[in-house]
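Asks: Dropping a structure here in structure tokens format, bear with me for questions.
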Amino acid sequence: MNNTREVEVVVIGAGQAGLAAAYHLRRTGFEPERDFVVLDHSPGPGGAWQFRWPSLTYGKVHGMHALPGMELTGADPSRPSAEVVSGYFADYERTFDLRVLRPVDVRAVREGTDGRLLVETSAGSWSTRALINATGTWDRPFWPRYPGQETFRGRQLHTAQYAGPQEFAGLRVVVVGGGASATQHLLEIAPYAAATTWVTRRPPVFREGPFDEDAGRAAVALVEERVRQGLPPKSVVSVTGLPLNDAVRAGLESGVLDRQPMFDRMTPEGVEWNDGRRVTADVILWATGFRAAIDHLRPLRLREAGGGIRVEGTRSVADPRVHLVGYGPSASTIGANRAGRAAVRDIRRLLAEGEPVAA
């Protein structure tokens with residue numbers, strides 16, 4: 001028996017980008033479950049936020065932008081951001097009756113029949129005329145490879161597995177990565193650890209002064225150009241630099257944020273450089289970022305030779321039925337809101353033209 005359900009639009013992911021897209025679908029007349037469906041593999045509302053470490057309080061979060069149509073007000077800055085944002089997302093889903101289906105794992109999106117796409121999941125299949133992919137990056141932590149990595153006798157973990165600084169009490173910790181997560185980890189861990197070492201591939205760039213709208217637009221434009229060329233996107237943060245706040249200044253002055261160049265190899269006891277320097281370590285913490293979680297789109301053959309999906313606005317150039325929100329230039333929270341609106345506008349136009357054009 002064929003139990004494939006038909007809808008006009010499938011939204012994959014219920015983080016910031018997916019909920020923004022669902023809001024704009026609802027607002028422009030699409031009915032949940034009848035015209036569109038939102039599929040989310042997480043156990044509850046909150047997107048990637050629900051997995052953040054407890055010590056990342058809401059007051060430490062930079063640039064959390066409200067979802068469209070509903071502000072986040074009165075949040076206690078001392079509460080874990082995972083609790084605050086998950087609660088906000090849950091309220092949002094209820095307020096706008098978005099009827100997110102979870103937990104649902106999307107296994108593959110492939111060519112269907114009659115110019116439609118077939119979305120295969122752990123909860124059955126959906127046939128759709130258009131797809132909004134909002135799967136983010138949290139599920140694809142990036143682990144670099146270095147010589148001797150498999151010989152290291154200590155613990156290796158990624159930011160995605162970080163639970164807080166207390167677990168590093170009395171240990172010698174090497175933190176790898178040049179982003180905001182690395183500096184946050186170091187500042188938290190240093191009071192507990194026996195020693196910390198910070199290594200990055202490139203010297204970190206610290207940004208002084210306010211990050212105004214013009215600077216934001218310029219940063220997004222750099223990321224957007226990579227996506228337009230079909231290259232894997234870099235994060236917006238990678239081109240903005242690290243904010244030089246009071247905590248970071250204190251870390252620089254105390255030596256906690258004394259950056260060292262990337263080591264050349266790992267050993268059973270720690271890490272080594274070609275000039276003979278060594279650091280003994282109990283833990284390597286890889287704060288090395290994430291990659292776009294888009295493997296389920298592989299059957300559609302959207303990737304370019306450069307390794308990324310070429311996108312104009314939010315639309316895949318290779319297949320106008322597929323939109324990527326929260327990808328590349330729209331990975332920030334404010335960018336995700338705008339991308340959700342833009343994707344829905346384009347999809348409405350596509351559907352109004354009749355049967356979508358297959359890739």
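Ordering of the structure tokens sets the chain letters (A, B, ...); residue numbers start at 1 within each chain; ligands are numbered from 1 in the order shown.
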Considering only C-alpha atoms, return as a PyMOL selection string whatever protein or nucleic-acid residues lie within 12 Å of stretch 65-73 of chain A, sequence-local ones (same chain, fewer than 2 positions apart) excluded.

Replies: chain A and resi 14-27+46+58+61-63+75-77+84-96+331-341

Asks: So which residues touch stretch 297-300 of chain A within 7 Å, counting only C-alpha atoms, skipping near sequence neighbours fewer than 4 positions away, as a list in words?

Replies: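 Once the adjacent positions are removed, what remains is Ala108, Val109, Arg110 and Glu111 of chain A.
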
Asks: Take the residues from that selection and write them out as an mmCIF file, in the first residue's frame, keeping N, CA and C atoms.

Replies:
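part-v1.cif was written with the following content:
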```cif
data_model
loop_
_atom_site.group_PDB
_atom_site.id
_atom_site.type_symbol
_atom_site.label_atom_id
_atom_site.label_comp_id
_atom_site.auth_asym_id
_atom_site.auth_seq_id
_atom_site.Cartn_x
_atom_site.Cartn_y
_atom_site.Cartn_z
ATOM 1 N N ALA A 108 16.253 10.790 2.977
ATOM 2 C CA ALA A 108 16.645 11.143 1.607
ATOM 3 C C ALA A 108 15.547 11.976 0.964
ATOM 4 N N VAL A 109 15.979 12.901 0.093
ATOM 5 C CA VAL A 109 15.066 13.619 -0.795
ATOM 6 C C VAL A 109 15.485 13.265 -2.209
ATOM 7 N N ARG A 110 14.538 12.746 -2.981
ATOM 8 C CA ARG A 110 14.874 12.310 -4.337
ATOM 9 C C ARG A 110 13.782 12.725 -5.309
ATOM 10 N N GLU A 111 14.039 12.535 -6.587
ATOM 11 C CA GLU A 111 13.055 12.834 -7.619
ATOM 12 C C GLU A 111 11.860 11.908 -7.462
#
```

Asks: For each of A:Thr197, A:Asn133, A:Thr151, A:Ser127, take the minimum atom-to-atom distance to A:Glu8, counting only C-alpha atoms, then give the residue where this is smallest.

Replies: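 That would be A:Ser127, the residue with the smallest distance to A:Glu8.
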
Asks: Neighbours of A:Met266 within 9 Å (only C-alpha atoms; same-chain residues fewer than 2 positions away dropped), as a PyMOL selection string?

Replies: chain A and resi 146-152+263-264+268-273

Asks: Take atom CA of A:Leu351 and atom CA of A:Ser125 and report the distance between them in Å, one decimal.

Replies: 20.6 Å

Asks: Restricting the calculation to only C-alpha atoms, which member of A:Val256, A:Val38, A:Val176, A:Ala250 is positioned closest to A:Ala190?

Replies: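 Smallest separation from A:Ala190 among the options: A:Val256.
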
Asks: Using only C-alpha atoms, which protein or nucleic acid residues come within 10 Å of A:Leu157? Drop anything in the same chain fewer than 2 positions from it, and give the result as number ranges by chain.

Replies: A: 143, 155, 159-162, 175, 283-287

Asks: What would the file look like if the residues just selected were written as a tab-separated table (two decimals), in the first residue's frame with N, CA and C atoms?

Replies:
```tsv
chain	number	residue	atom	x	y	z
A	143	TRP	N	35.60	17.55	12.55
A	143	TRP	CA	36.78	17.05	13.27
A	143	TRP	C	37.96	17.06	12.30
A	155	ARG	N	41.45	12.21	26.29
A	155	ARG	CA	40.09	12.34	25.76
A	155	ARG	C	40.06	13.39	24.65
A	159	THR	N	33.06	20.66	20.46
A	159	THR	CA	32.14	21.62	21.06
A	159	THR	C	30.73	21.05	21.21
A	160	ALA	N	30.31	20.26	20.22
A	160	ALA	CA	28.96	19.68	20.27
A	160	ALA	C	28.78	18.77	21.47
A	161	GLN	N	29.88	18.29	22.07
A	161	GLN	CA	29.80	17.40	23.23
A	161	GLN	C	30.14	18.10	24.55
A	162	TYR	N	30.45	19.38	24.48
A	162	TYR	CA	30.88	20.13	25.66
A	162	TYR	C	29.71	20.30	26.62
A	175	VAL	N	42.73	23.56	23.64
A	175	VAL	CA	41.54	23.96	22.90
A	175	VAL	C	41.96	24.37	21.49
A	283	VAL	N	43.32	16.34	27.64
A	283	VAL	CA	42.12	16.52	26.82
A	283	VAL	C	42.44	17.42	25.63
A	284	ILE	N	41.91	17.04	24.46
A	284	ILE	CA	41.90	17.94	23.30
A	284	ILE	C	40.45	18.30	23.04
A	285	LEU	N	40.12	19.58	23.11
A	285	LEU	CA	38.77	20.06	22.84
A	285	LEU	C	38.77	20.73	21.47
A	286	TRP	N	38.08	20.11	20.51
A	286	TRP	CA	38.03	20.62	19.13
A	286	TRP	C	36.86	21.60	19.00
A	287	ALA	N	37.18	22.88	19.05
A	287	ALA	CA	36.16	23.92	18.82
A	287	ALA	C	36.31	24.38	17.37
```

Asks: Could you work out how far atom CA of A:Pro103 lies from atom CA of A:Arg315, giving the answer in Å with one decimal?

Replies: 26.3 Å

Asks: Do a neighbour search on A:Ser55 at 12 Å with only C-alpha atoms, toss out local chain neighbours closer than 3 positions, and write the hits as a list in words.

Replies: Phe51, Arg52, Tyr58, Gly59, Lys60, Val61, Pro77, Ser78, Arg79, Pro80, Ser81, Ala82, Glu83, Tyr162, Ala163, Gly164, Pro165, Gln166, Gln184, His185, Leu187, Glu188 and Ile189 of chain A

Asks: Can you write out the residues you just picked, keeping N, CA and C atoms, as a compact mmCIF listing (two decimals), in the first residue's frame?

Replies:
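Contents of selection.txt, as written:
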```txt
# COMPACT_ATOMS: atom_id res chain seq x y z
N PHE A 51 20.63 21.89 22.68
CA PHE A 51 21.81 21.06 22.97
C PHE A 51 22.99 21.86 23.51
N ARG A 52 22.83 23.18 23.68
CA ARG A 52 23.94 24.00 24.17
C ARG A 52 24.26 23.66 25.62
N TYR A 58 21.83 32.77 28.87
CA TYR A 58 21.23 33.65 27.85
C TYR A 58 21.96 34.99 27.78
N GLY A 59 22.48 35.44 28.92
CA GLY A 59 23.21 36.71 28.93
C GLY A 59 24.50 36.68 28.14
N LYS A 60 25.05 35.48 27.88
CA LYS A 60 26.29 35.36 27.12
C LYS A 60 26.06 35.21 25.62
N VAL A 61 24.79 35.08 25.23
CA VAL A 61 24.47 34.86 23.82
C VAL A 61 24.58 36.17 23.06
N PRO A 77 18.75 36.65 32.11
CA PRO A 77 20.07 36.44 31.50
C PRO A 77 20.91 35.39 32.20
N SER A 78 20.54 35.01 33.43
CA SER A 78 21.33 34.00 34.15
C SER A 78 20.87 32.58 33.86
N ARG A 79 19.75 32.42 33.17
CA ARG A 79 19.26 31.07 32.85
C ARG A 79 20.03 30.51 31.66
N PRO A 80 20.20 29.18 31.60
CA PRO A 80 20.85 28.59 30.43
C PRO A 80 20.11 28.95 29.15
N SER A 81 20.87 29.30 28.11
CA SER A 81 20.24 29.68 26.84
C SER A 81 19.42 28.53 26.27
N ALA A 82 19.83 27.29 26.54
CA ALA A 82 19.07 26.13 26.05
C ALA A 82 17.64 26.16 26.58
N GLU A 83 17.47 26.52 27.86
CA GLU A 83 16.14 26.57 28.45
C GLU A 83 15.34 27.75 27.91
N TYR A 162 30.45 19.38 24.48
CA TYR A 162 30.88 20.13 25.66
C TYR A 162 29.71 20.30 26.62
N ALA A 163 29.90 19.92 27.88
CA ALA A 163 28.82 20.00 28.87
C ALA A 163 29.08 21.05 29.94
N GLY A 164 30.24 21.69 29.93
CA GLY A 164 30.55 22.68 30.94
C GLY A 164 31.97 22.53 31.46
N PRO A 165 32.49 23.52 32.18
CA PRO A 165 33.90 23.53 32.56
C PRO A 165 34.28 22.59 33.69
N GLN A 166 33.31 22.20 34.50
CA GLN A 166 33.64 21.42 35.69
C GLN A 166 34.30 20.08 35.35
N GLN A 184 35.18 31.21 24.43
CA GLN A 184 34.26 30.98 25.55
C GLN A 184 34.68 29.76 26.37
N HIS A 185 35.05 28.69 25.68
CA HIS A 185 35.49 27.48 26.39
C HIS A 185 36.72 27.78 27.25
N LEU A 187 37.87 30.61 28.50
CA LEU A 187 37.59 31.48 29.63
C LEU A 187 36.84 30.74 30.74
N GLU A 188 36.00 29.79 30.36
CA GLU A 188 35.28 29.01 31.35
C GLU A 188 36.14 27.94 32.01
N ILE A 189 36.96 27.27 31.19
CA ILE A 189 37.73 26.12 31.66
C ILE A 189 38.91 26.53 32.52
```

Asks: Run DSSP on the backbone and give me the residues of stretch 45-292 of chain A it puts in strand (DSSP E or B), as JSON, numbers by chain.

Replies: {"A": [57, 80, 101, 106, 107, 108, 109, 110, 111, 117, 118, 119, 120, 121, 124, 125, 126, 127, 128, 129, 130, 131, 132, 133, 141, 155, 156, 157, 158, 172, 173, 174, 175, 176, 195, 196, 197, 198, 199, 200, 206, 207, 242, 243, 259, 260, 261, 265, 266, 270, 271, 272, 278, 279, 280, 283, 284, 285, 286, 290]}

Asks: Please report the interatomic distance between atom CA of A:Asp258 and atom CA of A:Asp282 in Å with one decimal.

Replies: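 These atoms are spaced 19.1 Å apart.
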
Asks: Report the closest atom pair, with its distance in Å rounded to one decimal, for each residue of stretch 120-164 of chain A that has an atom no farther than 10 Å from stretch 317-322 of chain A; count only C-alpha atoms, sort by chain and then rising residue number, and write it as a Markdown table.

Replies:
```
| residue | atom | partner | partner_atom | distance |
| --- | --- | --- | --- | --- |
| A:Thr128 | CA | A:Arg321 | CA | 9.2 |
| A:Arg129 | CA | A:Arg321 | CA | 6.8 |
| A:Ala130 | CA | A:Arg321 | CA | 4.6 |
| A:Leu131 | CA | A:Val322 | CA | 4.9 |
| A:Ile132 | CA | A:Val322 | CA | 6.1 |
| A:Asn133 | CA | A:Val322 | CA | 7.3 |
```

Asks: From the set A:Thr4, A:Leu98, A:Asp105, A:Gln50, which residue has the shortest atom-to-atom contact distance to A:Glu31, counting only C-alpha atoms?

Replies: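 Ranked by minimum distance to A:Glu31, first place goes to A:Leu98.
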
Asks: Taking the DSSP assignment computed from this structure's backbone, write out as a VMD selection string all residues of stretch 24-242 of chain A that belong to helix (DSSP H, G or I).

Replies: chain A and resid 24 to 27 47 to 51 58 to 60 81 to 95 149 to 151 159 to 161 165 to 168 180 to 189 213 to 228 236 to 239

Asks: Considering only C-alpha atoms, return as a compact mmCIF listing (two decimals) with N, CA, C and O atoms, in the first residue's frame whatever protein or nucleic-acid residues lie within 6 Å of A:Phe36, sequence-local ones (same chain, fewer than 6 positions apart) excluded.

Replies:
```
# COMPACT_ATOMS: atom_id res chain seq x y z
N VAL A 7 1.74 17.10 -0.14
CA VAL A 7 1.63 18.49 0.33
C VAL A 7 2.25 19.39 -0.73
O VAL A 7 2.88 18.92 -1.68
N GLU A 8 2.05 20.67 -0.56
CA GLU A 8 2.67 21.63 -1.47
C GLU A 8 4.13 21.90 -1.11
O GLU A 8 4.98 22.05 -1.98
N VAL A 9 4.40 21.98 0.20
CA VAL A 9 5.74 22.33 0.68
C VAL A 9 6.11 21.47 1.89
O VAL A 9 5.30 21.29 2.79
N VAL A 10 7.34 20.94 1.89
CA VAL A 10 7.90 20.30 3.07
C VAL A 10 9.02 21.18 3.61
O VAL A 10 9.89 21.63 2.85
```
